[in-house]
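With mmCIF, C-alpha atoms (C1' of nucleotides) inside, this is work_0.cif:
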data_entry
#
loop_
_atom_site.label_atom_id
_atom_site.label_comp_id
_atom_site.auth_asym_id
_atom_site.auth_seq_id
_atom_site.Cartn_x
_atom_site.Cartn_y
_atom_site.Cartn_z
CA MET P 39 64.27 -14.01 -128.95
CA GLN P 40 60.84 -13.69 -130.49
CA ILE P 41 59.17 -10.42 -129.59
CA HIS P 42 56.45 -8.75 -131.59
CA ILE P 43 55.16 -5.24 -131.16
CA THR P 44 51.66 -4.38 -132.22
CA ALA P 45 51.70 -0.68 -133.03
CA SER P 46 49.06 0.72 -130.77
CA ASP P 47 46.65 -1.96 -129.79
CA GLY P 48 46.43 0.37 -126.82
CA VAL P 49 49.10 -1.38 -124.79
CA PRO P 50 52.27 0.73 -124.52
CA ILE P 51 55.35 -0.69 -126.18
CA TYR P 52 57.40 -1.03 -123.01
CA LEU P 53 54.58 -3.07 -121.46
CA GLN P 54 54.29 -5.33 -124.48
CA VAL P 55 57.98 -6.07 -124.12
CA VAL P 56 57.67 -6.67 -120.38
CA ASN P 57 54.72 -9.00 -120.82
CA GLN P 58 56.24 -11.00 -123.62
CA ILE P 59 59.49 -11.50 -121.78
CA LYS P 60 57.57 -12.53 -118.67
CA TYR P 61 55.75 -15.12 -120.75
CA LEU P 62 58.95 -16.36 -122.35
CA VAL P 63 60.41 -16.87 -118.89
CA ALA P 64 57.23 -18.46 -117.53
CA ALA P 65 57.15 -20.82 -120.50
CA GLY P 66 60.78 -21.79 -120.06
CA ARG P 67 61.79 -20.39 -123.43
CA LEU P 68 64.16 -18.12 -121.58
CA VAL P 69 66.04 -19.85 -118.79
CA ALA P 70 67.86 -18.55 -115.75
CA GLY P 71 71.28 -17.14 -116.57
CA GLU P 72 70.46 -16.53 -120.19
CA GLU P 73 71.42 -13.14 -121.54
CA LEU P 74 68.82 -10.84 -123.01
CA PRO P 75 69.72 -8.79 -126.07
CA PRO P 76 71.34 -5.44 -125.26
CA ILE P 77 68.95 -2.53 -125.06
CA ARG P 78 70.13 -1.00 -128.31
CA THR P 79 69.99 -4.24 -130.22
CA LEU P 80 66.43 -5.00 -129.27
CA ALA P 81 65.46 -1.38 -129.79
CA GLU P 82 66.84 -1.47 -133.30
CA LYS P 83 65.11 -4.73 -134.10
CA LEU P 84 61.76 -3.37 -132.93
CA VAL P 85 62.39 0.05 -134.49
CA VAL P 86 61.90 1.79 -131.21
CA ASN P 87 63.84 4.16 -128.98
CA PRO P 88 66.40 2.52 -126.69
CA ASN P 89 64.84 4.27 -123.71
CA THR P 90 61.67 2.31 -124.29
CA ILE P 91 63.51 -0.97 -123.98
CA ALA P 92 65.48 0.40 -121.04
CA ARG P 93 62.21 1.04 -119.29
CA ALA P 94 60.98 -2.47 -120.00
CA TYR P 95 64.20 -3.96 -118.62
CA ARG P 96 63.98 -1.74 -115.56
CA GLU P 97 60.47 -2.95 -114.82
CA LEU P 98 61.53 -6.53 -115.35
CA GLU P 99 64.34 -6.02 -112.89
CA ILE P 100 62.00 -4.53 -110.30
CA ALA P 101 59.69 -7.50 -110.83
CA GLY P 102 62.66 -9.75 -110.22
CA ILE P 103 62.53 -11.38 -113.64
CA VAL P 104 65.97 -10.21 -114.75
CA GLU P 105 69.19 -8.86 -113.30
CA LYS P 106 71.38 -6.18 -114.79
CA ARG P 107 75.17 -6.43 -114.54
CA ARG P 108 76.08 -2.82 -115.25
CA THR P 109 78.05 -2.85 -118.45
CA ALA P 110 77.94 -6.57 -119.01
CA GLY P 111 74.35 -7.03 -120.02
CA THR P 112 71.01 -8.18 -118.72
CA TYR P 113 70.35 -11.73 -117.59
CA VAL P 114 67.37 -13.84 -116.64
CA SER P 115 67.26 -14.08 -112.86
CA ASP P 116 68.20 -17.18 -111.00
CA GLN P 117 65.57 -17.52 -108.34
CA GLY P 118 62.00 -16.42 -108.72
CA SER P 119 62.48 -12.96 -107.40
CA PRO P 120 64.95 -10.99 -105.33
CA LEU P 121 62.02 -9.45 -103.53
CA ALA P 122 61.57 -11.07 -100.19
CA ARG P 123 58.91 -13.70 -100.27
CA ARG P 124 56.94 -11.64 -97.78
CA GLU P 125 56.93 -8.77 -100.24
CA ARG P 126 55.72 -11.00 -103.04
CA MET P 127 52.97 -12.44 -100.91
CA LYS P 128 51.85 -8.97 -100.02
CA ILE P 129 51.42 -8.09 -103.67
CA LEU P 130 49.63 -11.34 -104.36
CA THR P 131 47.34 -10.76 -101.40
CA GLU P 132 46.31 -7.40 -102.79
CA ARG P 133 45.45 -8.97 -106.11
CA ILE P 134 43.48 -11.70 -104.44
CA ASP P 135 41.53 -9.20 -102.37
CA GLN P 136 40.62 -7.28 -105.49
CA LEU P 137 39.48 -10.44 -107.17
CA LEU P 138 37.35 -11.46 -104.21
CA VAL P 139 35.68 -8.08 -103.93
CA GLU P 140 34.93 -8.15 -107.62
CA ALA P 141 33.58 -11.68 -107.43
CA GLY P 142 31.37 -10.47 -104.60
CA HIS P 143 29.95 -7.71 -106.78
CA MET P 144 29.29 -10.25 -109.46
CA ASP P 145 27.50 -12.55 -107.09
CA VAL P 146 29.94 -15.37 -107.70
CA SER P 147 30.65 -17.57 -104.69
CA LEU P 148 34.08 -18.36 -103.26
CA ASP P 149 33.65 -21.97 -104.31
CA ASP P 150 32.95 -20.97 -107.88
CA VAL P 151 36.00 -18.74 -107.93
CA LEU P 152 38.19 -21.53 -106.59
CA LYS P 153 36.83 -23.99 -109.13
CA LEU P 154 37.23 -21.58 -112.00
CA MET P 155 40.77 -20.92 -110.88
CA GLN P 156 41.65 -24.59 -110.98
CA GLN P 157 40.12 -24.90 -114.42
CA ARG P 158 42.05 -21.94 -115.74
CA TYR P 159 45.24 -23.30 -114.23
CA SER P 160 44.84 -26.47 -116.26
CA VAL P 161 44.06 -24.55 -119.41
CA ILE P 162 47.02 -22.23 -119.02
CA HIS P 163 49.42 -25.07 -118.33
CA THR P 164 48.25 -27.13 -121.28
CA SER P 165 48.02 -24.86 -124.33
CA ARG P 166 51.03 -22.60 -124.45
CA GLN P 167 49.78 -20.07 -126.96
CA LYS P 168 47.81 -17.35 -125.25
CA ASP P 169 47.09 -13.77 -126.15
CA ALA P 170 49.32 -11.74 -123.89
CA ASN P 171 47.39 -9.95 -121.20
CA ASP P 172 49.54 -9.58 -118.16
CA ASP P 173 49.78 -6.57 -115.95
CA MET R 135 27.86 8.48 -97.12
CA GLN R 136 31.53 8.46 -96.16
CA ILE R 137 33.79 9.09 -99.12
CA HIS R 138 37.27 10.48 -98.91
CA ILE R 139 39.36 11.75 -101.76
CA THR R 140 43.13 11.67 -101.53
CA ALA R 141 44.34 14.46 -103.77
CA SER R 142 46.60 12.66 -106.16
CA ASP R 143 47.80 9.46 -104.62
CA GLY R 144 47.94 8.66 -108.30
CA VAL R 145 44.46 7.20 -108.51
CA PRO R 146 42.09 9.46 -110.47
CA ILE R 147 39.24 10.97 -108.47
CA TYR R 148 36.46 9.31 -110.41
CA LEU R 149 38.08 5.92 -109.75
CA GLN R 150 38.47 6.61 -106.05
CA VAL R 151 34.75 7.32 -105.93
CA VAL R 152 33.93 4.18 -107.92
CA ASN R 153 36.08 2.00 -105.71
CA GLN R 154 34.82 3.39 -102.45
CA ILE R 155 31.19 3.00 -103.46
CA LYS R 156 31.90 -0.54 -104.60
CA TYR R 157 33.32 -1.29 -101.19
CA LEU R 158 30.42 0.35 -99.39
CA VAL R 159 28.07 -1.88 -101.36
CA ALA R 160 30.21 -4.98 -100.85
CA ALA R 161 30.32 -4.29 -97.12
CA GLY R 162 26.58 -3.80 -96.90
CA ARG R 163 26.89 -0.20 -95.83
CA LEU R 164 24.89 0.73 -98.90
CA VAL R 165 21.97 -1.59 -99.52
CA ALA R 166 19.91 -2.28 -102.62
CA GLY R 167 17.36 0.41 -103.33
CA GLU R 168 19.20 3.05 -101.35
CA GLU R 169 19.63 6.39 -103.06
CA LEU R 170 23.07 7.83 -103.67
CA PRO R 171 23.60 11.55 -103.24
CA PRO R 172 22.87 13.57 -106.38
CA ILE R 173 25.85 14.25 -108.56
CA ARG R 174 26.04 17.92 -107.65
CA THR R 175 25.71 17.30 -103.94
CA LEU R 176 28.56 14.83 -103.81
CA ALA R 177 30.63 16.99 -106.14
CA GLU R 178 30.20 19.94 -103.83
CA LYS R 179 31.07 17.91 -100.77
CA LEU R 180 34.27 16.62 -102.38
CA VAL R 181 35.06 20.00 -103.97
CA VAL R 182 35.20 18.51 -107.41
CA ASN R 183 33.54 19.09 -110.75
CA PRO R 184 30.10 17.45 -111.14
CA ASN R 185 31.26 15.77 -114.35
CA THR R 186 33.79 13.82 -112.33
CA ILE R 187 31.06 12.34 -110.15
CA ALA R 188 28.88 11.82 -113.22
CA ARG R 189 31.63 9.71 -114.67
CA ALA R 190 31.95 7.68 -111.50
CA TYR R 191 28.21 7.03 -111.46
CA ARG R 192 28.28 6.09 -115.14
CA GLU R 193 30.99 3.51 -114.52
CA LEU R 194 29.12 2.16 -111.53
CA GLU R 195 26.04 1.79 -113.70
CA ILE R 196 27.98 -0.04 -116.39
CA ALA R 197 29.40 -2.31 -113.68
CA GLY R 198 25.85 -2.98 -112.56
CA ILE R 199 26.35 -1.56 -109.07
CA VAL R 200 23.81 1.25 -109.42
CA GLU R 201 20.84 2.23 -111.56
CA LYS R 202 19.98 5.71 -112.70
CA ARG R 203 16.35 6.81 -112.90
CA ARG R 204 16.72 9.78 -115.21
CA THR R 205 15.65 12.78 -113.21
CA ALA R 206 14.85 10.91 -110.02
CA GLY R 207 18.31 10.05 -108.80
CA THR R 208 20.74 7.16 -108.62
CA TYR R 209 20.05 4.00 -106.65
CA VAL R 210 21.96 0.93 -105.55
CA SER R 211 21.04 -1.94 -107.86
CA ASP R 212 18.79 -4.76 -106.83
CA GLN R 213 20.41 -7.83 -108.27
CA GLY R 214 24.12 -8.37 -108.54
CA SER R 215 24.60 -7.13 -112.03
CA PRO R 216 22.58 -6.65 -115.18
CA LEU R 217 25.43 -8.09 -117.16
CA ALA R 218 24.68 -11.58 -118.30
CA ARG R 219 26.33 -14.17 -116.11
CA ARG R 220 28.39 -15.31 -119.08
CA GLU R 221 29.73 -11.82 -119.49
CA ARG R 222 30.61 -11.58 -115.82
CA MET R 223 32.37 -14.92 -115.86
CA LYS R 224 34.39 -13.79 -118.84
CA ILE R 225 35.66 -10.77 -116.92
CA LEU R 226 36.38 -12.86 -113.87
CA THR R 227 38.26 -15.39 -115.99
CA GLU R 228 40.55 -12.67 -117.31
CA ARG R 229 41.33 -11.54 -113.78
CA ILE R 230 42.01 -15.06 -112.67
CA ASP R 231 44.34 -15.65 -115.60
CA GLN R 232 46.31 -12.54 -114.73
CA LEU R 233 46.56 -13.65 -111.13
CA LEU R 234 47.77 -17.11 -112.07
CA VAL R 235 50.40 -15.80 -114.43
CA GLU R 236 51.64 -13.45 -111.77
CA ALA R 237 51.68 -16.18 -109.15
CA GLY R 238 53.73 -18.23 -111.60
CA HIS R 239 56.28 -15.45 -111.92
CA MET R 240 56.47 -15.26 -108.16
CA ASP R 241 57.03 -18.96 -107.86
CA VAL R 242 53.90 -19.46 -105.80
CA SER R 243 52.06 -22.72 -106.41
CA LEU R 244 48.41 -23.09 -107.32
CA ASP R 245 47.76 -24.70 -103.97
CA ASP R 246 49.27 -21.76 -102.13
CA VAL R 247 47.17 -19.34 -104.16
CA LEU R 248 44.01 -21.30 -103.39
CA LYS R 249 44.85 -21.44 -99.69
CA LEU R 250 45.68 -17.77 -99.53
CA MET R 251 42.43 -17.00 -101.28
CA GLN R 252 40.43 -18.88 -98.70
CA GLN R 253 42.26 -17.10 -95.93
CA ARG R 254 41.62 -13.71 -97.44
CA TYR R 255 37.98 -14.56 -97.95
CA SER R 256 37.63 -15.19 -94.23
CA VAL R 257 39.46 -12.03 -93.36
CA ILE R 258 37.39 -9.89 -95.69
CA HIS R 259 34.14 -11.33 -94.43
CA THR R 260 35.06 -10.89 -90.78
CA SER R 261 36.65 -7.51 -90.24
CA ARG R 262 34.79 -4.86 -92.18
CA GLN R 263 37.34 -2.08 -92.13
CA LYS R 264 39.73 -2.32 -95.02
CA ASP R 265 41.86 0.15 -96.91
CA ALA R 266 40.19 0.67 -100.25
CA ASN R 267 42.08 -0.78 -103.15
CA ASP R 268 39.75 -2.05 -105.82
CA ASP R 269 40.34 -2.36 -109.54
"C1'" DA Q 288 95.47 2.58 -120.73
"C1'" DC Q 289 92.23 2.42 -124.76
"C1'" DT Q 290 88.06 1.52 -126.81
"C1'" DA Q 291 83.83 -0.67 -127.69
"C1'" DT Q 292 79.77 -1.91 -125.45
"C1'" DT Q 293 76.76 -1.84 -121.70
"C1'" DG Q 294 73.17 0.46 -118.96
"C1'" DT Q 295 71.84 5.44 -117.12
"C1'" DA Q 296 70.20 10.18 -116.89
"C1'" DT Q 297 68.08 14.37 -118.52
"C1'" DT Q 298 65.21 16.76 -121.27
"C1'" DA Q 299 61.79 17.49 -124.89
"C1'" DT Q 300 57.83 16.09 -127.68
"C1'" DC Q 301 53.77 13.91 -128.43
"C1'" DT Q 302 49.57 11.58 -127.14
"C1'" DA Q 303 45.92 10.08 -124.22
"C1'" DA Q 304 43.41 10.52 -119.93
"C1'" DT Q 305 41.36 13.34 -116.55
"C1'" DT Q 306 39.02 17.17 -114.93
"C1'" DA Q 307 36.54 21.40 -115.47
"C1'" DA Q 308 33.28 25.07 -117.56
"C1'" DT Q 309 29.12 25.57 -119.32
"C1'" DA Q 310 24.84 24.77 -121.43
"C1'" DC Q 311 21.08 21.32 -122.17
"C1'" DA Q 312 17.02 17.87 -121.58
"C1'" DA Q 313 13.63 15.64 -119.06
"C1'" DG Q 314 10.94 14.18 -115.40
"C1'" DA Q 315 9.36 15.12 -110.43
"C1'" DT Q 316 6.71 17.96 -107.51
"C1'" DC Q 317 3.93 21.54 -106.28
"C1'" DG F 104 1.89 24.11 -116.40
"C1'" DA F 105 5.89 26.39 -113.76
"C1'" DT F 106 9.97 25.41 -111.82
"C1'" DC F 107 13.21 22.84 -109.28
"C1'" DT F 108 16.13 18.97 -109.34
"C1'" DT F 109 17.93 15.23 -111.69
"C1'" DG F 110 21.25 13.29 -115.04
"C1'" DT F 111 23.39 14.42 -119.95
"C1'" DA F 112 26.22 16.40 -123.60
"C1'" DT F 113 29.83 19.17 -125.64
"C1'" DT F 114 33.83 21.38 -125.54
"C1'" DA F 115 38.08 23.25 -123.48
"C1'" DA F 116 41.91 23.14 -120.26
"C1'" DT F 117 44.90 20.58 -117.58
"C1'" DT F 118 47.60 16.88 -116.22
"C1'" DA F 119 49.91 12.62 -116.60
"C1'" DG F 120 51.98 8.98 -119.39
"C1'" DA F 121 54.74 7.22 -123.16
"C1'" DT F 122 58.24 7.73 -126.42
"C1'" DA F 123 62.17 9.91 -128.45
"C1'" DA F 124 66.69 12.70 -128.86
"C1'" DT F 125 70.77 13.10 -127.01
"C1'" DA F 126 74.52 13.08 -123.92
"C1'" DC F 127 76.68 10.58 -119.95
"C1'" DA F 128 79.02 6.89 -116.88
"C1'" DA F 129 81.05 2.65 -116.05
"C1'" DT F 130 83.30 -1.57 -117.03
"C1'" DA F 131 84.63 -5.61 -119.89
"C1'" DG F 132 87.93 -7.02 -123.05
"C1'" DT F 133 91.90 -6.15 -125.48
#
Show how you would write the structure in this file as structure tokens.
Amino acid sequence: MQIHITASDGVPIYLQVVNQIKYLVAAGRLVAGEELPPIRTLAEKLVVNPNTIARAYRELEIAGIVEKRRTAGTYVSDQGSPLARRERMKILTERIDQLLVEAGHMDVSLDDVLKLMQQRYSVIHTSRQKDANDD
Amino acid sequence: MQIHITASDGVPIYLQVVNQIKYLVAAGRLVAGEELPPIRTLAEKLVVNPNTIARAYRELEIAGIVEKRRTAGTYVSDQGSPLARRERMKILTERIDQLLVEAGHMDVSLDDVLKLMQQRYSVIHTSRQKDANDD
DNA sequence: ACTATTGTATTATCTAATTAATACAAGATC
DNA sequence: GATCTTGTATTAATTAGATAATACAATAGT
């Protein structure tokens, strides 16, 4: 599993790990059921404290990206997310509201936002190499 | 001007102020040309250090929401933003990318995101009372 | 049952962000 | 031009966030 840490580009290590794994899953380079490296293994590879990886895995579990099977390892989740769909939509709605308010401040119309969104969707789903910038 | 500070709901005070003023402007409760309370006045009202409000006003100025006239006070900006449109679109594009990636993780289709966005737009532009939750 | 391997929990250290204390600079207003 | 009011600048204190050190708990595999 290809993960690279940039020592202090400002983004904390655990978040870099979270984001990169999210991208690997989104890109299909990690498929459902696949096992992630054990915390210690990945920590050693990245020369980082195991707790840092543990935190990343914990966040990924909360986000529904992976599942932990106590002493048997960590695996890529089957369905999208164990969070109820309602819960996921709630989160998404918050993000959308933020975006709309911001667009309003910037004097960008709803139509323009929708168009831009479609454009970006195409771009994202064509070229696979992007600079990681998730939440 | 109605601003409420929640002592440590996690969001820093200066950000709470920024967000609430952004909303007041977005909702038309603060109109272009209107003067904001002086830094010290608002600081006193919120029982907070003046520097904290100064920071909020500085961020609002950078965001193009307000203009400062040196010793004459702080006023709601006239046009949307002094940032070049290109610059604004760049910021918006980043936000959109984040949203799309997240939607992907949540297994929500582009169409659903677009629909939800239109719904939320209606909601936001109908009922004016919302719980503040900006960037 | 034993042991190696897995994730977990607790605490400490370090770093960055936030807020406050205080003094300053400059224009408005009389 | 005196002075009051405005935002600014600098520095210190506080708080929160991230990472590390270390010890623990549970279970898979034998």
Quiz item: If you apply the PyMOL selection byres ((chain R) within 10 of (chain F)) to this file, what residues do you get, as a PyMOL selection string?
Solution: chain R and resi 144+172-174+185+188+202-208
Practice problem: Provide as a PyMOL selection string the residues of chain P at most 10 Å from chain R, counting all atoms listed in the file. | Solution: chain P and resi 60-61+63-65+101-103+117-121+123+126-127+129-146+148-149+151-159+161-162+170-173
Could the residues in this selection be saved with C-alpha atoms as a PDB file, in the frame of the given file?
ATOM      1  CA  LYS P  60      57.570 -12.530-118.670  1.00  0.00           C
ATOM      2  CA  TYR P  61      55.750 -15.120-120.750  1.00  0.00           C
ATOM      3  CA  VAL P  63      60.410 -16.870-118.890  1.00  0.00           C
ATOM      4  CA  ALA P  64      57.230 -18.460-117.530  1.00  0.00           C
ATOM      5  CA  ALA P  65      57.150 -20.820-120.500  1.00  0.00           C
ATOM      6  CA  ALA P 101      59.690  -7.500-110.830  1.00  0.00           C
ATOM      7  CA  GLY P 102      62.660  -9.750-110.220  1.00  0.00           C
ATOM      8  CA  ILE P 103      62.530 -11.380-113.640  1.00  0.00           C
ATOM      9  CA  GLN P 117      65.570 -17.520-108.340  1.00  0.00           C
ATOM     10  CA  GLY P 118      62.000 -16.420-108.720  1.00  0.00           C
ATOM     11  CA  SER P 119      62.480 -12.960-107.400  1.00  0.00           C
ATOM     12  CA  PRO P 120      64.950 -10.990-105.330  1.00  0.00           C
ATOM     13  CA  LEU P 121      62.020  -9.450-103.530  1.00  0.00           C
ATOM     14  CA  ARG P 123      58.910 -13.700-100.270  1.00  0.00           C
ATOM     15  CA  ARG P 126      55.720 -11.000-103.040  1.00  0.00           C
ATOM     16  CA  MET P 127      52.970 -12.440-100.910  1.00  0.00           C
ATOM     17  CA  ILE P 129      51.420  -8.090-103.670  1.00  0.00           C
ATOM     18  CA  LEU P 130      49.630 -11.340-104.360  1.00  0.00           C
ATOM     19  CA  THR P 131      47.340 -10.760-101.400  1.00  0.00           C
ATOM     20  CA  GLU P 132      46.310  -7.400-102.790  1.00  0.00           C
ATOM     21  CA  ARG P 133      45.450  -8.970-106.110  1.00  0.00           C
ATOM     22  CA  ILE P 134      43.480 -11.700-104.440  1.00  0.00           C
ATOM     23  CA  ASP P 135      41.530  -9.200-102.370  1.00  0.00           C
ATOM     24  CA  GLN P 136      40.620  -7.280-105.490  1.00  0.00           C
ATOM     25  CA  LEU P 137      39.480 -10.440-107.170  1.00  0.00           C
ATOM     26  CA  LEU P 138      37.350 -11.460-104.210  1.00  0.00           C
ATOM     27  CA  VAL P 139      35.680  -8.080-103.930  1.00  0.00           C
ATOM     28  CA  GLU P 140      34.930  -8.150-107.620  1.00  0.00           C
ATOM     29  CA  ALA P 141      33.580 -11.680-107.430  1.00  0.00           C
ATOM     30  CA  GLY P 142      31.370 -10.470-104.600  1.00  0.00           C
ATOM     31  CA  HIS P 143      29.950  -7.710-106.780  1.00  0.00           C
ATOM     32  CA  MET P 144      29.290 -10.250-109.460  1.00  0.00           C
ATOM     33  CA  ASP P 145      27.500 -12.550-107.090  1.00  0.00           C
ATOM     34  CA  VAL P 146      29.940 -15.370-107.700  1.00  0.00           C
ATOM     35  CA  LEU P 148      34.080 -18.360-103.260  1.00  0.00           C
ATOM     36  CA  ASP P 149      33.650 -21.970-104.310  1.00  0.00           C
ATOM     37  CA  VAL P 151      36.000 -18.740-107.930  1.00  0.00           C
ATOM     38  CA  LEU P 152      38.190 -21.530-106.590  1.00  0.00           C
ATOM     39  CA  LYS P 153      36.830 -23.990-109.130  1.00  0.00           C
ATOM     40  CA  LEU P 154      37.230 -21.580-112.000  1.00  0.00           C
ATOM     41  CA  MET P 155      40.770 -20.920-110.880  1.00  0.00           C
ATOM     42  CA  GLN P 156      41.650 -24.590-110.980  1.00  0.00           C
ATOM     43  CA  GLN P 157      40.120 -24.900-114.420  1.00  0.00           C
ATOM     44  CA  ARG P 158      42.050 -21.940-115.740  1.00  0.00           C
ATOM     45  CA  TYR P 159      45.240 -23.300-114.230  1.00  0.00           C
ATOM     46  CA  VAL P 161      44.060 -24.550-119.410  1.00  0.00           C
ATOM     47  CA  ILE P 162      47.020 -22.230-119.020  1.00  0.00           C
ATOM     48  CA  ALA P 170      49.320 -11.740-123.890  1.00  0.00           C
ATOM     49  CA  ASN P 171      47.390  -9.950-121.200  1.00  0.00           C
ATOM     50  CA  ASP P 172      49.540  -9.580-118.160  1.00  0.00           C
ATOM     51  CA  ASP P 173      49.780  -6.570-115.950  1.00  0.00           C
TER      52      ASP P 173
END
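What separates atom CA of Thr44 of chain P from atom CA of Val56 of chain P is a distance of 13.5 Å.
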Quiz item: atom CA of Ala45 of chain P to atom CA of Glu97 of chain P: how many Å, to one decimal?
Solution: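 These atoms are spaced 20.3 Å apart.
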Quiz prompt | Atom pair atom CA of Ala94 of chain P / atom CA of Arg124 of chain P: separation (Å) | solution =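 About the pair atom CA of Ala94 of chain P and atom CA of Arg124 of chain P: they are 24.4 Å apart.
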Practice problem: For Ser211 of chain R, work out the shell of residues within 6 Å, counting all atoms listed in the file and skipping chain neighbours fewer than 5 positions away, then give it as a list of chain:residue names. | Solution: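 With the cut-off at 6 Å, the set is R:Ala166, R:Ile199, R:Val200, R:Glu201.
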Please report as JSON lines every residue of chain Q lying within 9 Å of chain R, along with the nearest atom pair and their distance in Å (one decimal), using only C-alpha atoms (C1' of nucleotides).
{"residue": "Q:DT305", "atom": "C1'", "partner": "R:Pro146", "partner_atom": "CA", "distance": 7.2}
{"residue": "Q:DT306", "atom": "C1'", "partner": "R:Thr186", "partner_atom": "CA", "distance": 6.7}
{"residue": "Q:DA307", "atom": "C1'", "partner": "R:Asn183", "partner_atom": "CA", "distance": 6.1}
{"residue": "Q:DA313", "atom": "C1'", "partner": "R:Thr205", "partner_atom": "CA", "distance": 6.8}
{"residue": "Q:DG314", "atom": "C1'", "partner": "R:Thr205", "partner_atom": "CA", "distance": 5.4}
{"residue": "Q:DA315", "atom": "C1'", "partner": "R:Ala206", "partner_atom": "CA", "distance": 6.9}
Taking the structure I provided as the source, export segment 133-149 of chain P with C-alpha atoms, as a PDB file, in the first residue's frame.
ATOM      1  CA  ARG P 133     -21.357  20.766   3.726  1.00  0.00           C
ATOM      2  CA  ILE P 134     -23.679  21.828   0.970  1.00  0.00           C
ATOM      3  CA  ASP P 135     -25.130  24.612   3.099  1.00  0.00           C
ATOM      4  CA  GLN P 136     -21.662  25.907   3.829  1.00  0.00           C
ATOM      5  CA  LEU P 137     -20.810  25.853   0.165  1.00  0.00           C
ATOM      6  CA  LEU P 138     -23.975  27.707  -0.782  1.00  0.00           C
ATOM      7  CA  VAL P 139     -23.469  30.396   1.823  1.00  0.00           C
ATOM      8  CA  GLU P 140     -19.921  30.868   0.647  1.00  0.00           C
ATOM      9  CA  ALA P 141     -20.987  31.006  -2.974  1.00  0.00           C
ATOM     10  CA  GLY P 142     -23.494  33.649  -1.941  1.00  0.00           C
ATOM     11  CA  HIS P 143     -20.743  35.758  -0.387  1.00  0.00           C
ATOM     12  CA  MET P 144     -18.762  35.399  -3.558  1.00  0.00           C
ATOM     13  CA  ASP P 145     -21.659  36.479  -5.697  1.00  0.00           C
ATOM     14  CA  VAL P 146     -21.686  33.221  -7.615  1.00  0.00           C
ATOM     15  CA  SER P 147     -25.127  32.013  -8.693  1.00  0.00           C
ATOM     16  CA  LEU P 148     -26.622  28.601  -7.949  1.00  0.00           C
ATOM     17  CA  ASP P 149     -26.480  27.773 -11.640  1.00  0.00           C
TER      18      ASP P 149
END
